[in-house]
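The structure appears below as structure tokens.
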Amino acid sequence: MSALSAIRSVVDYESEVDKITQFLEKFTDGGGKKQAMEVDDDEGGIEMMAELTLAEPQQKYKELLQQVANRTADTVEIALDDVRRFEVENSGGHPPFAFNSSLAFRIENNAKAYVELFSKAIDKMMPEPDASAMEDPEADVLDVIFQARRDRDRRDREALMGGGGGKDAAAAAAEAGSGGAADAESFPAILTRRYTVKFIARAAQKAQAVREVGASQIGRLVTVRGIVTRVSEVRPAMVVAAYLCDACGSEVFQEVKTRQFMPLSQCQSARCVGNRSRGKLHKQTRGSRFVRFQEVKLQELTDQVPMGDIPRTLTVHCYESTVRKLNPGDVAHIGGVFLPQPYTGFRALRAGLLADTLLEAHHVRPLKKRYDELAAELTDEMRARLAQVEEEPDAYGRVSRAIAPEIFGHADVKKALLLQLVAAPTKRTRDGMAIRGDINVCLMGDPGVAKSQLLRFVAKVAPRGVYTTGRGSSGVGLTAAVMRDSTTGEMVLEGGALVLADNGVCCIDEFDKMDEADRTAIHEVMEQQTISISKAGITTTLNARASILAAANPARSRYNPRLTPEENINLPAALLSRFDVLFLMLDRPSAQDDLQLARHVAWVHTHGRHPDDPASAGIDADLLRHFVASARARTPVLPRAVADYVVGAYVQLRQQYKAALAPARAAAARSAIGATTPRTLLAILRLAQAHARVRRADTVASLDVDEALRLMDAAHVTLDAQPAAAAAAAAGLYGERRQRTDAVSAVFAILTRSLATARAAAGPAGSASLPQLGYADVLGRVRDAGFSEADLSRCLKQYEDINILQTNVTRTRITFVSAPAAS
């Protein structure tokens with residue numbers, strides 16, 4: 001087998017260090033010509049290099065190196081846009097203007113090697129610290145080691161000059177002959193550097209999905225976009241191991257570049273070699289250098305995953321300045337070097353030539369900032385737009401109409417969603433008990449009323465919005481799962497959707513499709529806003545300070561006005577009472593509303609955008625997010641007079657609720673849909689405080705309470721819109737199951753039982769087709785129950801109108817379009 005031919009690199013790294021030194025010394029941020037220069041980018045297009053002009057030219061990187069020398073900074077961030085602009089400005093009008101022949105291009109394609117080249121250039125031009133910085137220096141371990149080495153070299157030179165001889169003097173002369181150069185020879189360069197070099201990718205570089213980063217980009221500087229699912233603890237990672245010889249007392253340092261290394265055992269210093277002694281090395285933790293290390297799991301976003309695939313995950317290693325920048329649930333752009341990582345241990349035997357990949361983070365930029373960060377980083381333009389909106393008398397209604405403008409109608413629902421985004425301030429009593437300020441909203445309605453679109457818009461606008469579905473979520477997926485850490489092998493907790501949505505909104509679609517065991521996992525979150533975990537030897541409590549926005553369909557897919565609200569909603573009262581607002585969004589035929597809805601949908605499909613609304617014109621998602629952040633910065637207080645007003649309104653609601661129930665059933669009135677419970681009082685206070693925040697008020701007024709009561713009444717107005725027969729039948733809602741008094745409901749119950757019998761007889765083979773019943777068989781059962789064929793006809797007519805069942809033309813078969821639950 002012939003040996004591989006050696007290929008010499010065309011890049012002269014010595015000249016590259018000179019170019020880097022020139023860039024660091026001469027680059028000025030501003031002071032150039034105030035114009036835009038056109039240069040070729042790597043795709044053959046034109047890249048505009050806009051120059052900023054400041055009042056005075058600033059030597060950006062020289063000042064940064066001075067801060068590093070003064071130990072006020074520990075990171076040197078190199079922006080590739082600055083490197084490219086420096087090359088263009090100093091080219092003198094001569095080529096190369098092409099990006100693929102520039103220094104910035106070479107840095108981008110070989111970032112790991114250029115980190116070392118930049119470090120060498122910085123080592124050469126590192127300035128001396130200022131006098132003010134050296135007045136009271138904080139001596140670290142490295143300073144102590146340096147000083148001890150200088151003192152030892154000085155004593156060895158004095159002993160040599162004093163006439164001492166022997167092998168020890170010869171060894172000391174060999175070791176200390178170069179004077180001060182001994183430090184540079186015996187100490188690794190990474191040990192003497194008190195800084196780290198980080199690269200910031202070009203602004204024109206496109207952020208990629210995890211699955212788009214492939215083997216062709218190994219070693220390159222890439223930018224990846226995704227959501228953070230897991231963040232490990234910050235641990236020390238060893239980069240230099242220090243040893244102490246028990247024979248000669250020398251310090252020996254070993255640079256560590258891999259996850260595993262072989263520790264040194266014998267001293268190789270000049271003194272031990274000269275004495276021919278095998279000094280044993282002892283590892284010294286105090287003299288070793290450790291850097292902060294954190295492992296982050298970055299997962300693809302839902303819009304980046306192809307249909308039928310599962311989201312891919314990328315491991316991100318963060319060092320020094322990039323640690324503690326990300327939290328689970330953050331959507332971020334992470335720029336770094338894409339590197340291979342060989343497997344170790346038994347996994348290496350199984351993997352063979354395969355290797356894992358990771359991203360060594362250089363720059364982290366969260367896409368969605370928290371509300372407090374948005375309020376603190378307002379620009380002058382955004383502040384002017386925000387003031388214009390807040391000064392309008394109907395800012396509450398105008399901003400609410402900017403929520404999902406593509407969706408027609410639902411004005412009260414959008415107002416409730418705006419109050420949910422704003423929320424009320426969280427209160428904490430003196431004994432440490434927390435009273436949640438987040439507002440939970442449930443949207444229950446017929447199919448096709450745009451519940452899912454409202455949820456997706458809220459998840460997009462909220463800084464920490466997580467969207468999930470009930471059928472695709474389990475209790476562990478919502479709360480937390482116990483995982484094994486790939487780095488240490490320990491059992492760790494990985495947060496679910498509710499933990500990822502901490503200080504945000506968790507949108508759960510198809511809430512009614514969740515299993516009952518999984519649905520009970522969020523009871524604690526909705527009230528205490530914590531998740532208690534006790535599994536795999538881990539007992540802890542996680543924060544889940546999130547608002548819950550749930551969307552669900554009725555029990556029989558569509559809301560049946562002939563049934564009671566509890567039979568339609570089919571959710572436990574313990575869960576419903578935790579929602580501050582429960583909206584019933586019904587699809588009722590109306591000539592005027594249907595005409596406006598059809599025109600709205602036709603306009604959206606014709607023009608590809610929503611119609612212009614003068615009331616919400618100029619309010620985009622960014623302005624809406626800043627409006628919510630500005631409103632959440634206020635903490636309105638509740639005056640005594642308004643508190644008495646709330647108490648009176650609550651007592652009146654309780655009396656009205658009690659009067660609406662049958663006297664014999666009043667004692668069992670604790671589980672009614674829309675019941676007035678003590679949690680209703682807290683819901684009124686939260687909605688009122690959120691409305692006061694929207695008004696930019698420092699105190700809660702009676703009009704805020706009135707708006708809260710109006711929203712709750714608007715949410716429950718459909719509960720009172722039952723037919724007279726159903727309302728009379730609902731008197732027996734509590735206690736034992738009520739007896740159906742109308743013939744139509746009784747006949748439908750016979751149909752339901754007949755369907756359950758037919759399914760049991762058919763077995764699994766008949767579950768694939770639509771459930772059907774014979775008309776003659778059903779008619780016989782109806783007559784046996786004491787009803788007539790006219791009652792059966794009325795039942796079929798009413799349930800055909802709400803698209804639950806259909807009969808054929810010859811009236812021989814009854815087909816269930818939406819199969820009901822057995823009653």
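Residue numbering restarts at 1 in every chain; chains get A, B, ... in the order shown in the structure tokens, and ligands count up from 1 in that same order.
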Spatial neighbours of stretch 547-560 of chain A, 8 Å, only C-alpha atoms, chain gap at least 6 places, as a PyMOL selection string = chain A and resi 420+438-447+451-452+455+503-513+526+567-570+586+802+818-821
Which of stretch 83-328 of chain A counts as helix (DSSP H, G or I) under DSSP, as a ChimeraX atom specification please?
-> /A:83-89,99-101,103-109,111-125,141-161,166-176,179-186,189-192,210-212,215-217,270-275,302-304,320-322
Near-stretch 805-817 of chain A list (7 Å; only C-alpha atoms; drop same-chain fewer than 6 positions) as a list of chain:residue names = A:Leu770, A:Pro771, A:Gln772, A:Leu773, A:Gly774, A:Tyr775, A:Ala776, A:Tyr799
Can I get the selected residues back with all heavy atoms, as a PDB file, in the first residue's frame?
```
ATOM      1  N   LEU A 770     -67.918   3.899   8.328  1.00  0.00           N
ATOM      2  CA  LEU A 770     -68.806   4.770   9.071  1.00  0.00           C
ATOM      3  C   LEU A 770     -69.895   3.945   9.754  1.00  0.00           C
ATOM      4  O   LEU A 770     -70.461   3.032   9.148  1.00  0.00           O
ATOM      5  CB  LEU A 770     -69.443   5.805   8.140  1.00  0.00           C
ATOM      6  CG  LEU A 770     -68.506   6.870   7.572  1.00  0.00           C
ATOM      7  CD1 LEU A 770     -69.256   7.767   6.591  1.00  0.00           C
ATOM      8  CD2 LEU A 770     -67.915   7.704   8.685  1.00  0.00           C
ATOM      9  N   PRO A 771     -70.219   4.238  11.011  1.00  0.00           N
ATOM     10  CA  PRO A 771     -71.239   3.450  11.716  1.00  0.00           C
ATOM     11  C   PRO A 771     -72.614   3.663  11.105  1.00  0.00           C
ATOM     12  O   PRO A 771     -73.021   4.803  10.837  1.00  0.00           O
ATOM     13  CB  PRO A 771     -71.149   3.968  13.152  1.00  0.00           C
ATOM     14  CG  PRO A 771     -70.529   5.314  13.033  1.00  0.00           C
ATOM     15  CD  PRO A 771     -69.623   5.270  11.853  1.00  0.00           C
ATOM     16  N   GLN A 772     -73.344   2.590  10.886  1.00  0.00           N
ATOM     17  CA  GLN A 772     -74.675   2.633  10.280  1.00  0.00           C
ATOM     18  C   GLN A 772     -75.639   1.771  11.082  1.00  0.00           C
ATOM     19  O   GLN A 772     -75.239   0.807  11.741  1.00  0.00           O
ATOM     20  CB  GLN A 772     -74.626   2.154   8.827  1.00  0.00           C
ATOM     21  CG  GLN A 772     -73.841   3.056   7.888  1.00  0.00           C
ATOM     22  CD  GLN A 772     -73.865   2.561   6.468  1.00  0.00           C
ATOM     23  OE1 GLN A 772     -74.299   1.442   6.197  1.00  0.00           O
ATOM     24  NE2 GLN A 772     -73.418   3.394   5.546  1.00  0.00           N
ATOM     25  N   LEU A 773     -76.925   2.130  11.004  1.00  0.00           N
ATOM     26  CA  LEU A 773     -77.997   1.380  11.634  1.00  0.00           C
ATOM     27  C   LEU A 773     -79.119   1.199  10.628  1.00  0.00           C
ATOM     28  O   LEU A 773     -79.338   2.059   9.752  1.00  0.00           O
ATOM     29  CB  LEU A 773     -78.527   2.093  12.885  1.00  0.00           C
ATOM     30  CG  LEU A 773     -77.565   2.239  14.078  1.00  0.00           C
ATOM     31  CD1 LEU A 773     -78.207   3.097  15.160  1.00  0.00           C
ATOM     32  CD2 LEU A 773     -77.174   0.887  14.634  1.00  0.00           C
ATOM     33  N   GLY A 774     -79.832   0.093  10.742  1.00  0.00           N
ATOM     34  CA  GLY A 774     -80.991  -0.138   9.892  1.00  0.00           C
ATOM     35  C   GLY A 774     -82.194   0.643  10.385  1.00  0.00           C
ATOM     36  O   GLY A 774     -82.507   0.663  11.588  1.00  0.00           O
ATOM     37  N   TYR A 775     -82.903   1.285   9.464  1.00  0.00           N
ATOM     38  CA  TYR A 775     -84.029   2.131   9.851  1.00  0.00           C
ATOM     39  C   TYR A 775     -85.136   1.292  10.470  1.00  0.00           C
ATOM     40  O   TYR A 775     -85.747   1.688  11.478  1.00  0.00           O
ATOM     41  CB  TYR A 775     -84.540   2.894   8.625  1.00  0.00           C
ATOM     42  CG  TYR A 775     -85.667   3.864   8.931  1.00  0.00           C
ATOM     43  CD1 TYR A 775     -85.396   5.136   9.392  1.00  0.00           C
ATOM     44  CD2 TYR A 775     -87.006   3.478   8.784  1.00  0.00           C
ATOM     45  CE1 TYR A 775     -86.418   6.026   9.694  1.00  0.00           C
ATOM     46  CE2 TYR A 775     -88.045   4.353   9.084  1.00  0.00           C
ATOM     47  CZ  TYR A 775     -87.731   5.627   9.537  1.00  0.00           C
ATOM     48  OH  TYR A 775     -88.756   6.499   9.834  1.00  0.00           O
ATOM     49  N   ALA A 776     -85.411   0.134   9.910  1.00  0.00           N
ATOM     50  CA  ALA A 776     -86.510  -0.693  10.425  1.00  0.00           C
ATOM     51  C   ALA A 776     -86.197  -1.183  11.825  1.00  0.00           C
ATOM     52  O   ALA A 776     -87.087  -1.210  12.701  1.00  0.00           O
ATOM     53  CB  ALA A 776     -86.744  -1.878   9.476  1.00  0.00           C
ATOM     54  N   TYR A 799     -81.013  16.302  14.119  1.00  0.00           N
ATOM     55  CA  TYR A 799     -79.606  15.935  14.166  1.00  0.00           C
ATOM     56  C   TYR A 799     -78.960  15.913  12.789  1.00  0.00           C
ATOM     57  O   TYR A 799     -77.736  15.944  12.679  1.00  0.00           O
ATOM     58  CB  TYR A 799     -79.436  14.585  14.866  1.00  0.00           C
ATOM     59  CG  TYR A 799     -79.550  14.705  16.362  1.00  0.00           C
ATOM     60  CD1 TYR A 799     -80.765  14.543  17.013  1.00  0.00           C
ATOM     61  CD2 TYR A 799     -78.442  15.034  17.133  1.00  0.00           C
ATOM     62  CE1 TYR A 799     -80.877  14.678  18.386  1.00  0.00           C
ATOM     63  CE2 TYR A 799     -78.536  15.169  18.507  1.00  0.00           C
ATOM     64  CZ  TYR A 799     -79.756  14.997  19.131  1.00  0.00           C
ATOM     65  OH  TYR A 799     -79.855  15.150  20.495  1.00  0.00           O
TER      66      TYR A 799
END
```
Would you mind listing what lies within 10 Å of stretch 694-707 of chain A as a ChimeraX atom specification, with only C-alpha atoms counted and same-chain residues fewer than 3 positions away left out?
-> /A:390-396,399,418-419,422-423,627-628,630-639,641-643,645-646,649,684-691,710-713
Out of stretch 190-317 of chain A, which residues get strand (DSSP E or B) from DSSP, as a ChimeraX atom specification?
-> /A:196-200,208,221-231,235-245,251-255,266,280-299,313-317
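Pairwise distance (atom CA of A:Val647, atom CA of A:Leu682) equals 10.9 Å.
When atom CA of A:Phe199 is paired with atom CA of A:Arg370, their separation reads 25.3 Å.
Using only C-alpha atoms, the protein and nucleic acid residues lying no more than 8 Å from stretch 295-306 of chain A, apart from those fewer than 5 places from it along its own chain, are Ala209, Val210, Arg225, Gly226, Ile227, Val228, Thr229, Arg230, Val231, Ser232, Glu233, Pro311, Arg312, Thr313, Leu314, Thr315, Val316, His317 and Cys318 of chain A.
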Please produce a file of those selected residues containing N, CA, C and O atoms, as a PDB file, in the first residue's frame.
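The result, written out as result.pdb:
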```pdb
ATOM      1  N   ALA A 209     -31.348  25.668   9.407  1.00  0.00           N
ATOM      2  CA  ALA A 209     -31.955  24.681  10.284  1.00  0.00           C
ATOM      3  C   ALA A 209     -30.930  23.617  10.645  1.00  0.00           C
ATOM      4  O   ALA A 209     -29.875  23.498  10.018  1.00  0.00           O
ATOM      5  N   VAL A 210     -31.242  22.828  11.652  1.00  0.00           N
ATOM      6  CA  VAL A 210     -30.291  21.819  12.111  1.00  0.00           C
ATOM      7  C   VAL A 210     -30.017  20.807  11.019  1.00  0.00           C
ATOM      8  O   VAL A 210     -28.867  20.409  10.790  1.00  0.00           O
ATOM      9  N   ARG A 225     -30.490  28.095  13.657  1.00  0.00           N
ATOM     10  CA  ARG A 225     -31.698  28.612  14.306  1.00  0.00           C
ATOM     11  C   ARG A 225     -32.504  27.452  14.860  1.00  0.00           C
ATOM     12  O   ARG A 225     -32.703  26.436  14.188  1.00  0.00           O
ATOM     13  N   GLY A 226     -32.953  27.578  16.097  1.00  0.00           N
ATOM     14  CA  GLY A 226     -33.739  26.509  16.705  1.00  0.00           C
ATOM     15  C   GLY A 226     -34.229  26.921  18.078  1.00  0.00           C
ATOM     16  O   GLY A 226     -34.054  28.059  18.520  1.00  0.00           O
ATOM     17  N   ILE A 227     -34.858  25.969  18.750  1.00  0.00           N
ATOM     18  CA  ILE A 227     -35.381  26.198  20.095  1.00  0.00           C
ATOM     19  C   ILE A 227     -34.572  25.358  21.081  1.00  0.00           C
ATOM     20  O   ILE A 227     -34.213  24.211  20.808  1.00  0.00           O
ATOM     21  N   VAL A 228     -34.252  25.939  22.216  1.00  0.00           N
ATOM     22  CA  VAL A 228     -33.454  25.275  23.241  1.00  0.00           C
ATOM     23  C   VAL A 228     -34.371  24.369  24.053  1.00  0.00           C
ATOM     24  O   VAL A 228     -35.377  24.832  24.606  1.00  0.00           O
ATOM     25  N   THR A 229     -34.038  23.090  24.103  1.00  0.00           N
ATOM     26  CA  THR A 229     -34.858  22.136  24.846  1.00  0.00           C
ATOM     27  C   THR A 229     -34.228  21.718  26.175  1.00  0.00           C
ATOM     28  O   THR A 229     -34.957  21.380  27.100  1.00  0.00           O
ATOM     29  N   ARG A 230     -32.908  21.725  26.251  1.00  0.00           N
ATOM     30  CA  ARG A 230     -32.264  21.313  27.492  1.00  0.00           C
ATOM     31  C   ARG A 230     -30.980  22.102  27.690  1.00  0.00           C
ATOM     32  O   ARG A 230     -30.237  22.332  26.732  1.00  0.00           O
ATOM     33  N   VAL A 231     -30.732  22.513  28.909  1.00  0.00           N
ATOM     34  CA  VAL A 231     -29.518  23.255  29.266  1.00  0.00           C
ATOM     35  C   VAL A 231     -28.928  22.594  30.502  1.00  0.00           C
ATOM     36  O   VAL A 231     -29.613  22.418  31.516  1.00  0.00           O
ATOM     37  N   SER A 232     -27.682  22.206  30.401  1.00  0.00           N
ATOM     38  CA  SER A 232     -27.031  21.543  31.530  1.00  0.00           C
ATOM     39  C   SER A 232     -26.532  22.581  32.536  1.00  0.00           C
ATOM     40  O   SER A 232     -26.579  23.792  32.299  1.00  0.00           O
ATOM     41  N   GLU A 233     -26.039  22.084  33.641  1.00  0.00           N
ATOM     42  CA  GLU A 233     -25.423  22.962  34.619  1.00  0.00           C
ATOM     43  C   GLU A 233     -24.065  23.452  34.091  1.00  0.00           C
ATOM     44  O   GLU A 233     -23.455  22.833  33.232  1.00  0.00           O
ATOM     45  N   PRO A 311     -38.281  16.172  14.600  1.00  0.00           N
ATOM     46  CA  PRO A 311     -37.279  17.247  14.676  1.00  0.00           C
ATOM     47  C   PRO A 311     -35.921  16.725  15.120  1.00  0.00           C
ATOM     48  O   PRO A 311     -35.818  15.857  15.991  1.00  0.00           O
ATOM     49  N   ARG A 312     -34.882  17.242  14.496  1.00  0.00           N
ATOM     50  CA  ARG A 312     -33.523  16.836  14.829  1.00  0.00           C
ATOM     51  C   ARG A 312     -32.942  17.747  15.908  1.00  0.00           C
ATOM     52  O   ARG A 312     -33.348  18.897  16.052  1.00  0.00           O
ATOM     53  N   THR A 313     -31.967  17.218  16.612  1.00  0.00           N
ATOM     54  CA  THR A 313     -31.356  17.930  17.735  1.00  0.00           C
ATOM     55  C   THR A 313     -29.860  18.043  17.500  1.00  0.00           C
ATOM     56  O   THR A 313     -29.225  17.110  17.014  1.00  0.00           O
ATOM     57  N   LEU A 314     -29.306  19.196  17.846  1.00  0.00           N
ATOM     58  CA  LEU A 314     -27.876  19.468  17.723  1.00  0.00           C
ATOM     59  C   LEU A 314     -27.315  19.810  19.094  1.00  0.00           C
ATOM     60  O   LEU A 314     -27.911  20.600  19.843  1.00  0.00           O
ATOM     61  N   THR A 315     -26.183  19.223  19.425  1.00  0.00           N
ATOM     62  CA  THR A 315     -25.512  19.518  20.690  1.00  0.00           C
ATOM     63  C   THR A 315     -24.638  20.756  20.521  1.00  0.00           C
ATOM     64  O   THR A 315     -23.850  20.857  19.580  1.00  0.00           O
ATOM     65  N   VAL A 316     -24.795  21.703  21.428  1.00  0.00           N
ATOM     66  CA  VAL A 316     -24.040  22.955  21.404  1.00  0.00           C
ATOM     67  C   VAL A 316     -23.187  23.027  22.660  1.00  0.00           C
ATOM     68  O   VAL A 316     -23.701  22.854  23.775  1.00  0.00           O
ATOM     69  N   HIS A 317     -21.884  23.264  22.476  1.00  0.00           N
ATOM     70  CA  HIS A 317     -20.961  23.434  23.602  1.00  0.00           C
ATOM     71  C   HIS A 317     -20.677  24.922  23.780  1.00  0.00           C
ATOM     72  O   HIS A 317     -20.193  25.584  22.850  1.00  0.00           O
ATOM     73  N   CYS A 318     -20.957  25.404  24.962  1.00  0.00           N
ATOM     74  CA  CYS A 318     -20.745  26.817  25.278  1.00  0.00           C
ATOM     75  C   CYS A 318     -19.601  26.925  26.281  1.00  0.00           C
ATOM     76  O   CYS A 318     -19.571  26.191  27.282  1.00  0.00           O
TER      77      CYS A 318
END
```
Residue with the minimum atom-to-atom distance to A:Gln529, picked from A:Arg436, A:Arg693, A:Arg640, A:His605 with only C-alpha atoms counted, is A:Arg436
Point-to-point distance from atom CA of A:Phe583 to atom CA of A:Asp412, Å rounded to tenths | 9.2 Å
Spatial neighbours of A:His362, max dist 8 Å, only C-alpha atoms, sep filter under 6 positions, as a list in words = Lys198, Phe199, Ile200, Cys318, Thr322, Ile334, Gly335, Gly336 and Val337 of chain A
Save the residues we just selected, N, CA and C atoms, as a PDB file, in the first residue's frame?
```pdb
ATOM      1  N   LYS A 198     -13.712  35.012  20.122  1.00  0.00           N
ATOM      2  CA  LYS A 198     -14.984  34.595  19.562  1.00  0.00           C
ATOM      3  C   LYS A 198     -15.220  35.337  18.253  1.00  0.00           C
ATOM      4  N   PHE A 199     -15.809  34.645  17.291  1.00  0.00           N
ATOM      5  CA  PHE A 199     -16.134  35.233  16.005  1.00  0.00           C
ATOM      6  C   PHE A 199     -17.639  35.479  15.921  1.00  0.00           C
ATOM      7  N   ILE A 200     -18.001  36.608  15.331  1.00  0.00           N
ATOM      8  CA  ILE A 200     -19.393  36.939  15.050  1.00  0.00           C
ATOM      9  C   ILE A 200     -19.594  36.841  13.550  1.00  0.00           C
ATOM     10  N   CYS A 318     -20.957  25.404  24.962  1.00  0.00           N
ATOM     11  CA  CYS A 318     -20.745  26.817  25.278  1.00  0.00           C
ATOM     12  C   CYS A 318     -19.601  26.925  26.281  1.00  0.00           C
ATOM     13  N   THR A 322     -20.183  32.521  26.684  1.00  0.00           N
ATOM     14  CA  THR A 322     -21.446  32.099  26.083  1.00  0.00           C
ATOM     15  C   THR A 322     -22.299  31.248  27.018  1.00  0.00           C
ATOM     16  N   ILE A 334     -27.669  30.733  16.984  1.00  0.00           N
ATOM     17  CA  ILE A 334     -26.406  30.397  17.614  1.00  0.00           C
ATOM     18  C   ILE A 334     -25.367  30.282  16.511  1.00  0.00           C
ATOM     19  N   GLY A 335     -24.360  31.138  16.564  1.00  0.00           N
ATOM     20  CA  GLY A 335     -23.262  31.089  15.618  1.00  0.00           C
ATOM     21  C   GLY A 335     -22.062  30.422  16.251  1.00  0.00           C
ATOM     22  N   GLY A 336     -21.447  29.514  15.510  1.00  0.00           N
ATOM     23  CA  GLY A 336     -20.305  28.803  16.056  1.00  0.00           C
ATOM     24  C   GLY A 336     -19.641  27.938  15.003  1.00  0.00           C
ATOM     25  N   VAL A 337     -18.683  27.164  15.448  1.00  0.00           N
ATOM     26  CA  VAL A 337     -17.899  26.297  14.567  1.00  0.00           C
ATOM     27  C   VAL A 337     -18.493  24.891  14.621  1.00  0.00           C
TER      28      VAL A 337
END
```
Shell of 9 Å around A:Leu64, only C-alpha atoms, local chain residues under 6 positions omitted, as number ranges by chain = A: 73, 75-76
Restricting the output to C-alpha atoms, write the selected residues as an mmCIF file, in the first residue's frame.
```cif
data_model
loop_
_atom_site.group_PDB
_atom_site.id
_atom_site.type_symbol
_atom_site.label_atom_id
_atom_site.label_comp_id
_atom_site.auth_asym_id
_atom_site.auth_seq_id
_atom_site.Cartn_x
_atom_site.Cartn_y
_atom_site.Cartn_z
ATOM 1 C CA ALA A 73 -12.937 42.164 29.850
ATOM 2 C CA THR A 75 -13.668 38.068 25.604
ATOM 3 C CA VAL A 76 -12.395 39.415 22.294
#
```
Shortest contact to A:Ala355, candidates A:Phe253, A:Tyr343, A:Phe293, A:Phe86, atoms counted only C-alpha atoms, goes to A:Tyr343
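Proximity ranking of A:Arg588, A:Arg259, A:Arg398, A:Arg679 relative to A:Gly618 places A:Arg398 first, based on only C-alpha atoms.
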